[in-house]
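Visitor: Here you go, target-v3.pdb (PDB, C-alpha atoms, pLDDT in the B column):
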```
ATOM      1  CA  MET A 204     -27.045  17.961 -36.918  1.00 45.00           C
ATOM      2  CA  HIS A 205     -29.025  19.577 -34.140  1.00 52.00           C
ATOM      3  CA  CYS A 206     -30.372  17.413 -31.389  1.00 50.00           C
ATOM      4  CA  GLY A 207     -32.610  18.860 -28.734  1.00 51.00           C
ATOM      5  CA  ILE A 208     -34.556  17.660 -25.720  1.00 53.00           C
ATOM      6  CA  VAL A 209     -38.081  18.983 -25.278  1.00 50.00           C
ATOM      7  CA  LEU A 210     -38.727  19.925 -21.656  1.00 49.00           C
ATOM      8  CA  PRO A 211     -42.185  20.495 -20.230  1.00 52.00           C
ATOM      9  CA  ARG A 212     -42.753  24.143 -19.449  1.00 57.00           C
ATOM     10  CA  LEU A 213     -42.236  24.841 -15.801  1.00 52.00           C
ATOM     11  CA  ASP A 214     -44.375  27.337 -14.077  1.00 70.00           C
ATOM     12  CA  GLU A 215     -42.803  29.919 -11.846  1.00 72.00           C
ATOM     13  CA  GLU A 216     -43.598  28.154  -8.562  1.00 74.00           C
ATOM     14  CA  VAL A 217     -41.880  24.895  -9.576  1.00 67.00           C
ATOM     15  CA  ALA A 218     -38.857  26.822 -10.816  1.00 64.00           C
ATOM     16  CA  MET A 219     -38.566  28.678  -7.502  1.00 71.00           C
ATOM     17  CA  SER A 220     -38.786  25.447  -5.521  1.00 74.00           C
ATOM     18  CA  ILE A 221     -35.958  23.891  -7.556  1.00 64.00           C
ATOM     19  CA  LEU A 222     -33.874  27.016  -7.025  1.00 66.00           C
ATOM     20  CA  ARG A 223     -34.495  26.860  -3.239  1.00 74.00           C
ATOM     21  CA  SER A 224     -33.368  23.227  -2.958  1.00 72.00           C
ATOM     22  CA  ALA A 225     -30.319  23.973  -5.105  1.00 68.00           C
ATOM     23  CA  THR A 226     -29.324  26.753  -2.688  1.00 69.00           C
ATOM     24  CA  LYS A 227     -29.792  24.421   0.278  1.00 71.00           C
ATOM     25  CA  LEU A 228     -27.672  21.749  -1.415  1.00 66.00           C
ATOM     26  CA  HIS A 229     -24.911  24.265  -2.041  1.00 70.00           C
ATOM     27  CA  ALA A 230     -24.890  25.266   1.637  1.00 72.00           C
ATOM     28  CA  SER A 231     -24.660  21.671   2.840  1.00 72.00           C
ATOM     29  CA  VAL A 232     -21.823  20.909   0.398  1.00 67.00           C
ATOM     30  CA  ARG A 233     -19.929  23.882   1.831  1.00 73.00           C
ATOM     31  CA  GLN A 234     -20.592  22.621   5.359  1.00 73.00           C
ATOM     32  CA  CYS A 235     -19.257  19.175   4.427  1.00 62.00           C
ATOM     33  CA  ALA A 236     -16.116  20.664   2.917  1.00 67.00           C
ATOM     34  CA  ARG A 237     -15.529  22.636   6.150  1.00 69.00           C
ATOM     35  CA  LEU A 238     -15.885  19.488   8.261  1.00 63.00           C
ATOM     36  CA  VAL A 239     -13.477  17.533   6.041  1.00 60.00           C
ATOM     37  CA  THR A 240     -10.870  20.301   6.243  1.00 60.00           C
ATOM     38  CA  ALA A 241     -11.224  20.494  10.034  1.00 58.00           C
ATOM     39  CA  ALA A 242     -10.806  16.714  10.325  1.00 58.00           C
ATOM     40  CA  GLN A 243      -7.724  16.856   8.115  1.00 57.00           C
ATOM     41  CA  GLN A 244      -6.166  19.637  10.163  1.00 53.00           C
ATOM     42  CA  GLN A 245      -6.790  17.738  13.372  1.00 52.00           C
ATOM     43  CA  ARG A 246      -5.337  14.543  11.931  1.00 52.00           C
ATOM     44  CA  ARG A 247      -2.281  16.366  10.588  1.00 50.00           C
ATOM     45  CA  GLY A 248      -1.603  17.834  14.007  1.00 45.00           C
ATOM     46  CA  TYR A 249      -1.073  14.399  15.550  1.00 44.00           C
ATOM     47  CA  ALA A 250       0.283  12.716  12.451  1.00 54.00           C
ATOM     48  CA  ASP A 251       2.838   9.934  12.533  1.00 74.00           C
ATOM     49  CA  MET A 252       4.772   8.920   9.497  1.00 87.00           C
ATOM     50  CA  ALA A 253       3.749   5.502   8.245  1.00 93.00           C
ATOM     51  CA  PHE A 254       6.980   4.675   6.485  1.00 95.00           C
ATOM     52  CA  THR A 255       7.303   1.965   3.850  1.00 96.00           C
ATOM     53  CA  PHE A 256      10.647   1.223   2.243  1.00 96.00           C
ATOM     54  CA  ALA A 257      11.174  -1.696  -0.123  1.00 96.00           C
ATOM     55  CA  SER A 258      13.128  -3.057  -3.057  1.00 94.00           C
ATOM     56  CA  PRO A 259      11.874  -5.873  -5.328  1.00 92.00           C
ATOM     57  CA  VAL A 260      13.538  -8.457  -3.050  1.00 91.00           C
ATOM     58  CA  THR A 261      13.439  -6.942   0.440  1.00 92.00           C
ATOM     59  CA  VAL A 262      11.022  -5.009   2.595  1.00 95.00           C
ATOM     60  CA  HIS A 263      13.026  -2.844   5.007  1.00 95.00           C
ATOM     61  CA  TYR A 264      10.099  -1.042   6.645  1.00 94.00           C
ATOM     62  CA  GLU A 265       6.376  -1.609   6.386  1.00 94.00           C
ATOM     63  CA  ALA A 266       4.142   1.176   7.694  1.00 92.00           C
ATOM     64  CA  ALA A 267       6.711   1.728  10.442  1.00 93.00           C
ATOM     65  CA  LYS A 268       6.646   4.750  12.732  1.00 92.00           C
ATOM     66  CA  VAL A 269       9.803   6.790  12.249  1.00 93.00           C
ATOM     67  CA  LYS A 270      11.016  10.296  13.129  1.00 92.00           C
ATOM     68  CA  GLN A 271      12.741  11.438   9.981  1.00 93.00           C
ATOM     69  CA  ILE A 272      13.966  10.178   6.605  1.00 95.00           C
ATOM     70  CA  ASP A 273      16.744  11.772   4.550  1.00 96.00           C
ATOM     71  CA  VAL A 274      16.447  11.093   0.835  1.00 96.00           C
ATOM     72  CA  PRO A 275      18.693  11.772  -2.199  1.00 96.00           C
ATOM     73  CA  SER A 276      16.602  12.815  -5.217  1.00 95.00           C
ATOM     74  CA  PHE A 277      16.956  14.599  -8.540  1.00 93.00           C
ATOM     75  CA  SER A 278      15.391  17.657  -6.979  1.00 90.00           C
ATOM     76  CA  GLY A 279      18.123  17.645  -4.320  1.00 92.00           C
ATOM     77  CA  SER A 280      18.603  15.818  -1.040  1.00 95.00           C
ATOM     78  CA  PHE A 281      15.911  16.480   1.509  1.00 94.00           C
ATOM     79  CA  GLY A 282      14.648  15.350   4.883  1.00 95.00           C
ATOM     80  CA  ILE A 283      11.076  14.212   5.468  1.00 94.00           C
ATOM     81  CA  LEU A 284       9.404  14.912   8.816  1.00 93.00           C
ATOM     82  CA  PRO A 285       5.745  14.222   9.716  1.00 91.00           C
ATOM     83  CA  ASP A 286       3.362  16.664   7.969  1.00 89.00           C
ATOM     84  CA  HIS A 287       5.650  17.091   5.002  1.00 92.00           C
ATOM     85  CA  VAL A 288       3.927  18.594   1.990  1.00 93.00           C
ATOM     86  CA  PRO A 289       2.707  15.856  -0.418  1.00 95.00           C
ATOM     87  CA  LEU A 290       5.368  15.108  -2.988  1.00 94.00           C
ATOM     88  CA  LEU A 291       6.626  12.771  -5.686  1.00 96.00           C
ATOM     89  CA  ALA A 292      10.318  12.518  -6.550  1.00 96.00           C
ATOM     90  CA  VAL A 293      12.731  10.196  -8.338  1.00 96.00           C
ATOM     91  CA  LEU A 294      15.707   8.879  -6.423  1.00 96.00           C
ATOM     92  CA  LYS A 295      19.302   9.074  -7.442  1.00 95.00           C
ATOM     93  CA  PRO A 296      22.139   6.900  -6.141  1.00 96.00           C
ATOM     94  CA  GLY A 297      22.861   7.868  -2.554  1.00 96.00           C
ATOM     95  CA  VAL A 298      22.310   7.235   1.119  1.00 96.00           C
ATOM     96  CA  ILE A 299      18.875   7.082   2.718  1.00 96.00           C
ATOM     97  CA  THR A 300      19.068   7.735   6.440  1.00 96.00           C
ATOM     98  CA  VAL A 301      16.124   6.567   8.515  1.00 95.00           C
ATOM     99  CA  HIS A 302      15.937   8.153  11.967  1.00 94.00           C
ATOM    100  CA  GLU A 303      13.868   5.558  13.786  1.00 91.00           C
ATOM    101  CA  ASP A 304      13.841   7.550  17.014  1.00 86.00           C
ATOM    102  CA  ASP A 305      16.123  10.071  18.706  1.00 81.00           C
ATOM    103  CA  ALA A 306      18.788   7.484  19.495  1.00 86.00           C
ATOM    104  CA  THR A 307      18.928   5.173  16.477  1.00 91.00           C
ATOM    105  CA  SER A 308      19.276   5.791  12.782  1.00 92.00           C
ATOM    106  CA  LYS A 309      19.963   3.368   9.943  1.00 94.00           C
ATOM    107  CA  ARG A 310      21.698   4.054   6.647  1.00 95.00           C
ATOM    108  CA  PHE A 311      20.940   2.362   3.331  1.00 96.00           C
ATOM    109  CA  PHE A 312      22.379   2.853  -0.121  1.00 96.00           C
ATOM    110  CA  VAL A 313      19.755   3.088  -2.881  1.00 97.00           C
ATOM    111  CA  SER A 314      20.412   2.899  -6.612  1.00 95.00           C
ATOM    112  CA  SER A 315      17.274   4.557  -7.919  1.00 96.00           C
ATOM    113  CA  GLY A 316      13.504   4.477  -7.575  1.00 96.00           C
ATOM    114  CA  SER A 317      10.740   6.735  -6.356  1.00 97.00           C
ATOM    115  CA  VAL A 318       9.651   8.469  -3.167  1.00 97.00           C
ATOM    116  CA  THR A 319       6.041   9.410  -2.421  1.00 96.00           C
ATOM    117  CA  VAL A 320       4.841  11.575   0.441  1.00 95.00           C
ATOM    118  CA  ASN A 321       1.052  11.503   0.815  1.00 94.00           C
ATOM    119  CA  ASP A 322      -1.440  13.901   2.320  1.00 93.00           C
ATOM    120  CA  ASP A 323      -1.958  11.569   5.328  1.00 91.00           C
ATOM    121  CA  SER A 324       1.791  11.799   6.116  1.00 91.00           C
ATOM    122  CA  SER A 325       2.527   8.279   4.913  1.00 94.00           C
ATOM    123  CA  VAL A 326       5.778   7.874   2.999  1.00 96.00           C
ATOM    124  CA  GLN A 327       6.687   5.221   0.444  1.00 96.00           C
ATOM    125  CA  ILE A 328      10.162   4.658  -0.926  1.00 97.00           C
ATOM    126  CA  LEU A 329      10.434   2.046  -3.665  1.00 97.00           C
ATOM    127  CA  ALA A 330      13.983   1.430  -4.808  1.00 96.00           C
ATOM    128  CA  GLU A 331      15.309  -0.848  -7.538  1.00 95.00           C
ATOM    129  CA  GLU A 332      18.181  -1.801  -5.233  1.00 95.00           C
ATOM    130  CA  ALA A 333      18.449  -0.877  -1.549  1.00 95.00           C
ATOM    131  CA  ILE A 334      21.232  -2.313   0.595  1.00 95.00           C
ATOM    132  CA  ALA A 335      22.356  -1.714   4.164  1.00 95.00           C
ATOM    133  CA  MET A 336      25.540   0.370   4.334  1.00 94.00           C
ATOM    134  CA  GLU A 337      27.434  -2.372   6.191  1.00 94.00           C
ATOM    135  CA  ASN A 338      26.972  -4.696   3.199  1.00 94.00           C
ATOM    136  CA  ILE A 339      28.993  -2.492   0.849  1.00 94.00           C
ATOM    137  CA  ASP A 340      32.388  -3.845  -0.159  1.00 94.00           C
ATOM    138  CA  ALA A 341      34.795  -0.861  -0.120  1.00 94.00           C
ATOM    139  CA  GLN A 342      37.349  -2.710  -2.239  1.00 94.00           C
ATOM    140  CA  ALA A 343      34.763  -3.395  -4.976  1.00 94.00           C
ATOM    141  CA  VAL A 344      33.788   0.290  -4.987  1.00 95.00           C
ATOM    142  CA  ARG A 345      37.403   1.437  -5.430  1.00 94.00           C
ATOM    143  CA  GLU A 346      38.009  -1.010  -8.277  1.00 94.00           C
ATOM    144  CA  GLY A 347      34.691  -0.147  -9.914  1.00 94.00           C
ATOM    145  CA  LEU A 348      35.444   3.565  -9.744  1.00 94.00           C
ATOM    146  CA  ASN A 349      38.710   3.068 -11.664  1.00 94.00           C
ATOM    147  CA  LYS A 350      36.996   0.840 -14.205  1.00 94.00           C
ATOM    148  CA  ALA A 351      34.144   3.338 -14.699  1.00 94.00           C
ATOM    149  CA  THR A 352      36.606   6.187 -15.300  1.00 94.00           C
ATOM    150  CA  ALA A 353      38.335   4.113 -17.985  1.00 94.00           C
ATOM    151  CA  GLU A 354      34.967   3.272 -19.564  1.00 93.00           C
ATOM    152  CA  VAL A 355      34.044   6.953 -19.884  1.00 93.00           C
ATOM    153  CA  ASN A 356      37.260   7.630 -21.787  1.00 93.00           C
ATOM    154  CA  ALA A 357      36.824   4.550 -23.975  1.00 92.00           C
ATOM    155  CA  ALA A 358      33.176   5.227 -24.939  1.00 90.00           C
ATOM    156  CA  SER A 359      32.791   5.501 -28.700  1.00 90.00           C
ATOM    157  CA  ASN A 360      29.328   7.040 -29.134  1.00 92.00           C
ATOM    158  CA  ASP A 361      27.005   9.411 -27.233  1.00 91.00           C
ATOM    159  CA  GLN A 362      24.851   6.661 -25.775  1.00 92.00           C
ATOM    160  CA  ALA A 363      27.785   4.560 -24.553  1.00 93.00           C
ATOM    161  CA  LYS A 364      29.345   7.691 -23.082  1.00 93.00           C
ATOM    162  CA  ALA A 365      26.115   8.608 -21.253  1.00 95.00           C
ATOM    163  CA  GLU A 366      25.821   5.080 -19.837  1.00 95.00           C
ATOM    164  CA  ALA A 367      29.451   5.187 -18.692  1.00 95.00           C
ATOM    165  CA  LEU A 368      28.906   8.592 -17.062  1.00 95.00           C
ATOM    166  CA  ILE A 369      25.848   7.295 -15.189  1.00 96.00           C
ATOM    167  CA  GLY A 370      28.032   4.448 -13.915  1.00 95.00           C
ATOM    168  CA  LEU A 371      30.758   6.841 -12.849  1.00 95.00           C
ATOM    169  CA  GLU A 372      28.232   9.017 -10.987  1.00 95.00           C
ATOM    170  CA  CYS A 373      26.910   5.956  -9.199  1.00 96.00           C
ATOM    171  CA  TYR A 374      30.394   4.817  -8.133  1.00 96.00           C
ATOM    172  CA  GLU A 375      31.205   8.333  -6.937  1.00 95.00           C
ATOM    173  CA  ALA A 376      28.049   8.318  -4.816  1.00 95.00           C
ATOM    174  CA  LEU A 377      29.068   4.936  -3.363  1.00 95.00           C
ATOM    175  CA  GLN A 378      32.586   6.219  -2.624  1.00 95.00           C
ATOM    176  CA  LYS A 379      31.162   9.311  -0.929  1.00 94.00           C
ATOM    177  CA  ALA A 380      28.781   7.145   1.098  1.00 94.00           C
ATOM    178  CA  ILE A 381      31.629   4.987   2.411  1.00 92.00           C
ATOM    179  CA  GLU A 382      33.740   7.986   3.353  1.00 90.00           C
ATOM    180  CA  GLY A 383      30.915  10.015   4.888  1.00 77.00           C
TER     181      GLY A 383
ATOM    182  CA  MET B 225      17.658  18.211 -19.031  1.00 82.00           C
ATOM    183  CA  THR B 226      20.168  15.666 -17.796  1.00 89.00           C
ATOM    184  CA  PHE B 227      23.035  14.535 -20.039  1.00 92.00           C
ATOM    185  CA  TRP B 228      21.690  10.990 -20.306  1.00 93.00           C
ATOM    186  CA  ARG B 229      18.259  12.155 -21.424  1.00 93.00           C
ATOM    187  CA  GLU B 230      19.912  14.203 -24.147  1.00 93.00           C
ATOM    188  CA  ALA B 231      21.724  11.043 -25.266  1.00 93.00           C
ATOM    189  CA  GLY B 232      18.335   9.294 -25.683  1.00 93.00           C
ATOM    190  CA  LEU B 233      18.315   7.249 -22.470  1.00 94.00           C
ATOM    191  CA  ASN B 234      15.372   7.163 -20.057  1.00 94.00           C
ATOM    192  CA  TYR B 235      15.116   6.760 -16.291  1.00 95.00           C
ATOM    193  CA  VAL B 236      14.375   3.048 -16.545  1.00 94.00           C
ATOM    194  CA  ARG B 237      17.767   2.508 -18.206  1.00 94.00           C
ATOM    195  CA  TYR B 238      19.405   4.860 -15.677  1.00 96.00           C
ATOM    196  CA  SER B 239      17.867   2.861 -12.838  1.00 95.00           C
ATOM    197  CA  GLN B 240      18.999  -0.408 -14.396  1.00 94.00           C
ATOM    198  CA  ILE B 241      22.630   0.745 -14.699  1.00 94.00           C
ATOM    199  CA  CYS B 242      22.754   2.041 -11.121  1.00 95.00           C
ATOM    200  CA  ALA B 243      21.071  -1.041  -9.648  1.00 94.00           C
ATOM    201  CA  LYS B 244      23.553  -3.309 -11.400  1.00 94.00           C
ATOM    202  CA  ILE B 245      26.479  -1.325 -10.014  1.00 95.00           C
ATOM    203  CA  VAL B 246      25.097  -1.354  -6.480  1.00 95.00           C
ATOM    204  CA  ARG B 247      24.744  -5.157  -6.701  1.00 94.00           C
ATOM    205  CA  GLN B 248      28.363  -5.444  -7.854  1.00 93.00           C
ATOM    206  CA  CYS B 249      29.481  -3.475  -4.794  1.00 93.00           C
ATOM    207  CA  LEU B 250      27.900  -5.861  -2.295  1.00 93.00           C
ATOM    208  CA  LYS B 251      30.147  -7.937  -0.070  1.00 92.00           C
ATOM    209  CA  ALA B 252      31.268 -11.154  -1.760  1.00 89.00           C
ATOM    210  CA  ASP B 253      28.895 -13.482   0.121  1.00 90.00           C
ATOM    211  CA  LEU B 254      25.823 -11.499  -0.946  1.00 90.00           C
ATOM    212  CA  ARG B 255      27.037 -10.599  -4.424  1.00 89.00           C
ATOM    213  CA  GLU B 256      26.410 -13.942  -6.089  1.00 87.00           C
ATOM    214  CA  ALA B 257      22.738 -14.138  -5.139  1.00 86.00           C
ATOM    215  CA  ALA B 258      22.244 -10.493  -6.093  1.00 88.00           C
ATOM    216  CA  ALA B 259      23.848 -10.946  -9.530  1.00 85.00           C
ATOM    217  CA  LYS B 260      20.953 -13.213 -10.491  1.00 84.00           C
ATOM    218  CA  ARG B 261      18.712 -10.158 -10.339  1.00 83.00           C
ATOM    219  CA  ASN B 262      20.617  -8.509 -13.235  1.00 81.00           C
ATOM    220  CA  GLU B 263      18.681 -10.545 -15.756  1.00 81.00           C
ATOM    221  CA  SER B 264      14.959 -11.019 -16.012  1.00 80.00           C
ATOM    222  CA  THR B 265      12.964 -12.994 -18.534  1.00 85.00           C
ATOM    223  CA  VAL B 266       9.527 -12.360 -19.923  1.00 88.00           C
ATOM    224  CA  LYS B 267       7.555 -15.082 -21.648  1.00 90.00           C
ATOM    225  CA  ALA B 268       4.944 -13.733 -24.034  1.00 90.00           C
ATOM    226  CA  VAL B 269       2.193 -15.833 -25.582  1.00 91.00           C
ATOM    227  CA  MET B 270      -0.034 -14.468 -28.327  1.00 92.00           C
ATOM    228  CA  TRP B 271      -3.712 -15.458 -28.280  1.00 94.00           C
ATOM    229  CA  LYS B 272      -6.088 -15.676 -31.213  1.00 92.00           C
ATOM    230  CA  ASP B 273      -9.775 -16.676 -31.136  1.00 93.00           C
ATOM    231  CA  GLY B 274      -9.519 -17.755 -27.510  1.00 94.00           C
ATOM    232  CA  LYS B 275      -6.548 -20.041 -28.089  1.00 93.00           C
ATOM    233  CA  PRO B 276      -2.837 -19.504 -27.565  1.00 92.00           C
ATOM    234  CA  VAL B 277      -0.929 -19.302 -30.812  1.00 91.00           C
ATOM    235  CA  PRO B 278       2.304 -21.343 -30.761  1.00 85.00           C
ATOM    236  CA  ALA B 279       5.361 -19.180 -31.330  1.00 77.00           C
ATOM    237  CA  ALA B 280       6.761 -19.306 -34.864  1.00 71.00           C
ATOM    238  CA  LYS B 281       9.879 -21.440 -34.927  1.00 62.00           C
TER     239      LYS B 281
END
```
Write the structure described by the file as structure tokens, please.
Guide:
Amino acid sequence: MHCGIVLPRLDEEVAMSILRSATKLHASVRQCARLVTAAQQQRRGYADMAFTFASPVTVHYEAAKVKQIDVPSFSGSFGILPDHVPLLAVLKPGVITVHEDDATSKRFFVSSGSVTVNDDSSVQILAEEAIAMENIDAQAVREGLNKATAEVNAASNDQAKAEALIGLECYEALQKAIEG
Amino acid sequence: MTFWREAGLNYVRYSQICAKIVRQCLKADLREAAAKRNESTVKAVMWKDGKPVPAAK
């Protein structure tokens, strides 16, 4: 079915006037875009990192000013400095190092979660479990590593095997974190 | 593709397994409180015509 709208016929003068205002509008939009870009560049030049790091039970940092954050992710381990390119990544078990300033840095072990770096240089890390390195029990890690190895060998189907392998990977990351 | 994805698992399950392990590796005094986080419960109530429907026994 055809459905049309009947427009009154415009004479040439009216049409020209519409065209002129459209051109003006286009120019001012371009000007606005230039101003926004300039403001962004200026802001980026002096940017701090507003760093937020939390697990469901603890907030470790809330919009804190830090120097650098080292993160383990599925796309590799990487460091985040101010003005990092915006990014989304999923975490894998490993150590997050937060360089608060030149002298102090803190290390946490995270199980999994997500990391977001925004255009305004703010960074959010949301982890399912995030614990301070000093709270890790080395004995429990060693025992768990042996148990996980046995579980991989004992797994009867693909899914059980995959779950056991994930566990083994996690224990290996914990072991590496304690040693390193 | 990762091996666990090929086996039909997703990242939520991956995250769950790793989080549980990290909790088990906490020092003894913190471990007990953390273990409570392994389980979570969801209570769902169905509604019909603006009224909650009691769950079928």
Visitor: Report the residues retrieved by the ChimeraX specification (/B :<10) & /A from the displayed file, expressed as a ChimeraX atom specification.
Guide: /A:259-260,277,293-296,312-316,330-347,360-374,377
Visitor: In Å, rounded to a single decimal, give me how far atom CA of A:Val320 is from atom CA of A:Leu291.
Guide: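 Atom-to-atom, atom CA of A:Leu291 to atom CA of A:Val320, that is 6.5 Å.
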Visitor: How far is it from atom CA of A:Ile381 to atom CA of A:Ser278, in Å with one decimal?
Guide: 22.6 Å
Visitor: Rounded to one decimal place, report the atom CA of A:Phe254-atom CA of A:Ala376 distance in Å.
Guide: 24.2 Å
Visitor: Translate the PyMOL selection byres ((chain A and resi 267) around 10), as applied to the file shown, into an explicit residue set as a list in words.
Guide: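 Selected by the PyMOL selection byres ((chain A and resi 267) around 10) in this file: Asp251, Met252, Ala253, Phe254, Thr255, Phe256, His263, Tyr264, Glu265, Ala266, Lys268, Val269, Lys270, Glu303, Ser325 and Val326 of chain A.
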Visitor: Generate a file of the selected residues that holds C-alpha atoms, formatted as a PDB file, in the frame of the given file.
Guide:
```pdb
ATOM      1  CA  ASP A 251       2.838   9.934  12.533  1.00 74.00           C
ATOM      2  CA  MET A 252       4.772   8.920   9.497  1.00 87.00           C
ATOM      3  CA  ALA A 253       3.749   5.502   8.245  1.00 93.00           C
ATOM      4  CA  PHE A 254       6.980   4.675   6.485  1.00 95.00           C
ATOM      5  CA  THR A 255       7.303   1.965   3.850  1.00 96.00           C
ATOM      6  CA  PHE A 256      10.647   1.223   2.243  1.00 96.00           C
ATOM      7  CA  HIS A 263      13.026  -2.844   5.007  1.00 95.00           C
ATOM      8  CA  TYR A 264      10.099  -1.042   6.645  1.00 94.00           C
ATOM      9  CA  GLU A 265       6.376  -1.609   6.386  1.00 94.00           C
ATOM     10  CA  ALA A 266       4.142   1.176   7.694  1.00 92.00           C
ATOM     11  CA  LYS A 268       6.646   4.750  12.732  1.00 92.00           C
ATOM     12  CA  VAL A 269       9.803   6.790  12.249  1.00 93.00           C
ATOM     13  CA  LYS A 270      11.016  10.296  13.129  1.00 92.00           C
ATOM     14  CA  GLU A 303      13.868   5.558  13.786  1.00 91.00           C
ATOM     15  CA  SER A 325       2.527   8.279   4.913  1.00 94.00           C
ATOM     16  CA  VAL A 326       5.778   7.874   2.999  1.00 96.00           C
TER      17      VAL A 326
END
```
Visitor: Would you mind exporting stretch 241-257 of chain B with N, CA, C and O atoms, as a short mmCIF file (atom, residue, chain, number, x, y, z; two decimals), in the first residue's frame?
Guide:
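After the write, out-v1.cif holds the following:
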```
data_model
loop_
_atom_site.label_atom_id
_atom_site.label_comp_id
_atom_site.auth_asym_id
_atom_site.auth_seq_id
_atom_site.Cartn_x
_atom_site.Cartn_y
_atom_site.Cartn_z
N ILE B 241 34.04 -20.69 39.09
CA ILE B 241 35.04 -21.69 39.49
C ILE B 241 36.26 -20.98 40.09
O ILE B 241 36.74 -21.34 41.16
N CYS B 242 36.75 -19.96 39.39
CA CYS B 242 37.95 -19.26 39.84
C CYS B 242 37.72 -18.53 41.17
O CYS B 242 38.57 -18.57 42.06
N ALA B 243 36.55 -17.92 41.32
CA ALA B 243 36.26 -17.18 42.55
C ALA B 243 36.22 -18.13 43.74
O ALA B 243 36.73 -17.82 44.82
N LYS B 244 35.64 -19.30 43.52
CA LYS B 244 35.55 -20.29 44.59
C LYS B 244 36.95 -20.72 45.03
O LYS B 244 37.23 -20.84 46.23
N ILE B 245 37.81 -20.94 44.06
CA ILE B 245 39.19 -21.37 44.37
C ILE B 245 39.93 -20.27 45.13
O ILE B 245 40.60 -20.55 46.13
N VAL B 246 39.79 -19.04 44.68
CA VAL B 246 40.48 -17.94 45.36
C VAL B 246 40.02 -17.86 46.82
O VAL B 246 40.82 -17.68 47.73
N ARG B 247 38.72 -18.05 47.05
CA ARG B 247 38.20 -18.02 48.43
C ARG B 247 38.80 -19.15 49.28
O ARG B 247 39.10 -18.96 50.45
N GLN B 248 38.99 -20.32 48.63
CA GLN B 248 39.56 -21.46 49.37
C GLN B 248 41.02 -21.22 49.73
O GLN B 248 41.56 -21.89 50.61
N CYS B 249 41.68 -20.32 49.01
CA CYS B 249 43.10 -20.07 49.25
C CYS B 249 43.34 -18.90 50.20
O CYS B 249 44.48 -18.47 50.37
N LEU B 250 42.27 -18.39 50.80
CA LEU B 250 42.45 -17.33 51.80
C LEU B 250 43.01 -17.92 53.09
O LEU B 250 42.86 -19.12 53.34
N LYS B 251 43.63 -17.08 53.88
CA LYS B 251 44.11 -17.54 55.19
C LYS B 251 42.93 -17.98 56.04
O LYS B 251 41.83 -17.46 55.92
N ALA B 252 43.20 -18.97 56.91
CA ALA B 252 42.13 -19.67 57.64
C ALA B 252 41.11 -18.74 58.30
O ALA B 252 39.91 -19.01 58.25
N ASP B 253 41.59 -17.64 58.90
CA ASP B 253 40.65 -16.77 59.63
C ASP B 253 39.66 -16.05 58.71
O ASP B 253 38.58 -15.67 59.13
N LEU B 254 40.04 -15.86 57.46
CA LEU B 254 39.14 -15.17 56.52
C LEU B 254 38.32 -16.16 55.70
O LEU B 254 37.30 -15.81 55.12
N ARG B 255 38.79 -17.40 55.67
CA ARG B 255 38.22 -18.39 54.75
C ARG B 255 36.76 -18.71 55.08
O ARG B 255 35.92 -18.81 54.18
N GLU B 256 36.46 -18.83 56.35
CA GLU B 256 35.12 -19.24 56.76
C GLU B 256 34.05 -18.25 56.30
O GLU B 256 33.03 -18.63 55.73
N ALA B 257 34.33 -16.97 56.54
CA ALA B 257 33.36 -15.94 56.14
C ALA B 257 33.22 -15.90 54.63
O ALA B 257 32.12 -15.71 54.09
#
```
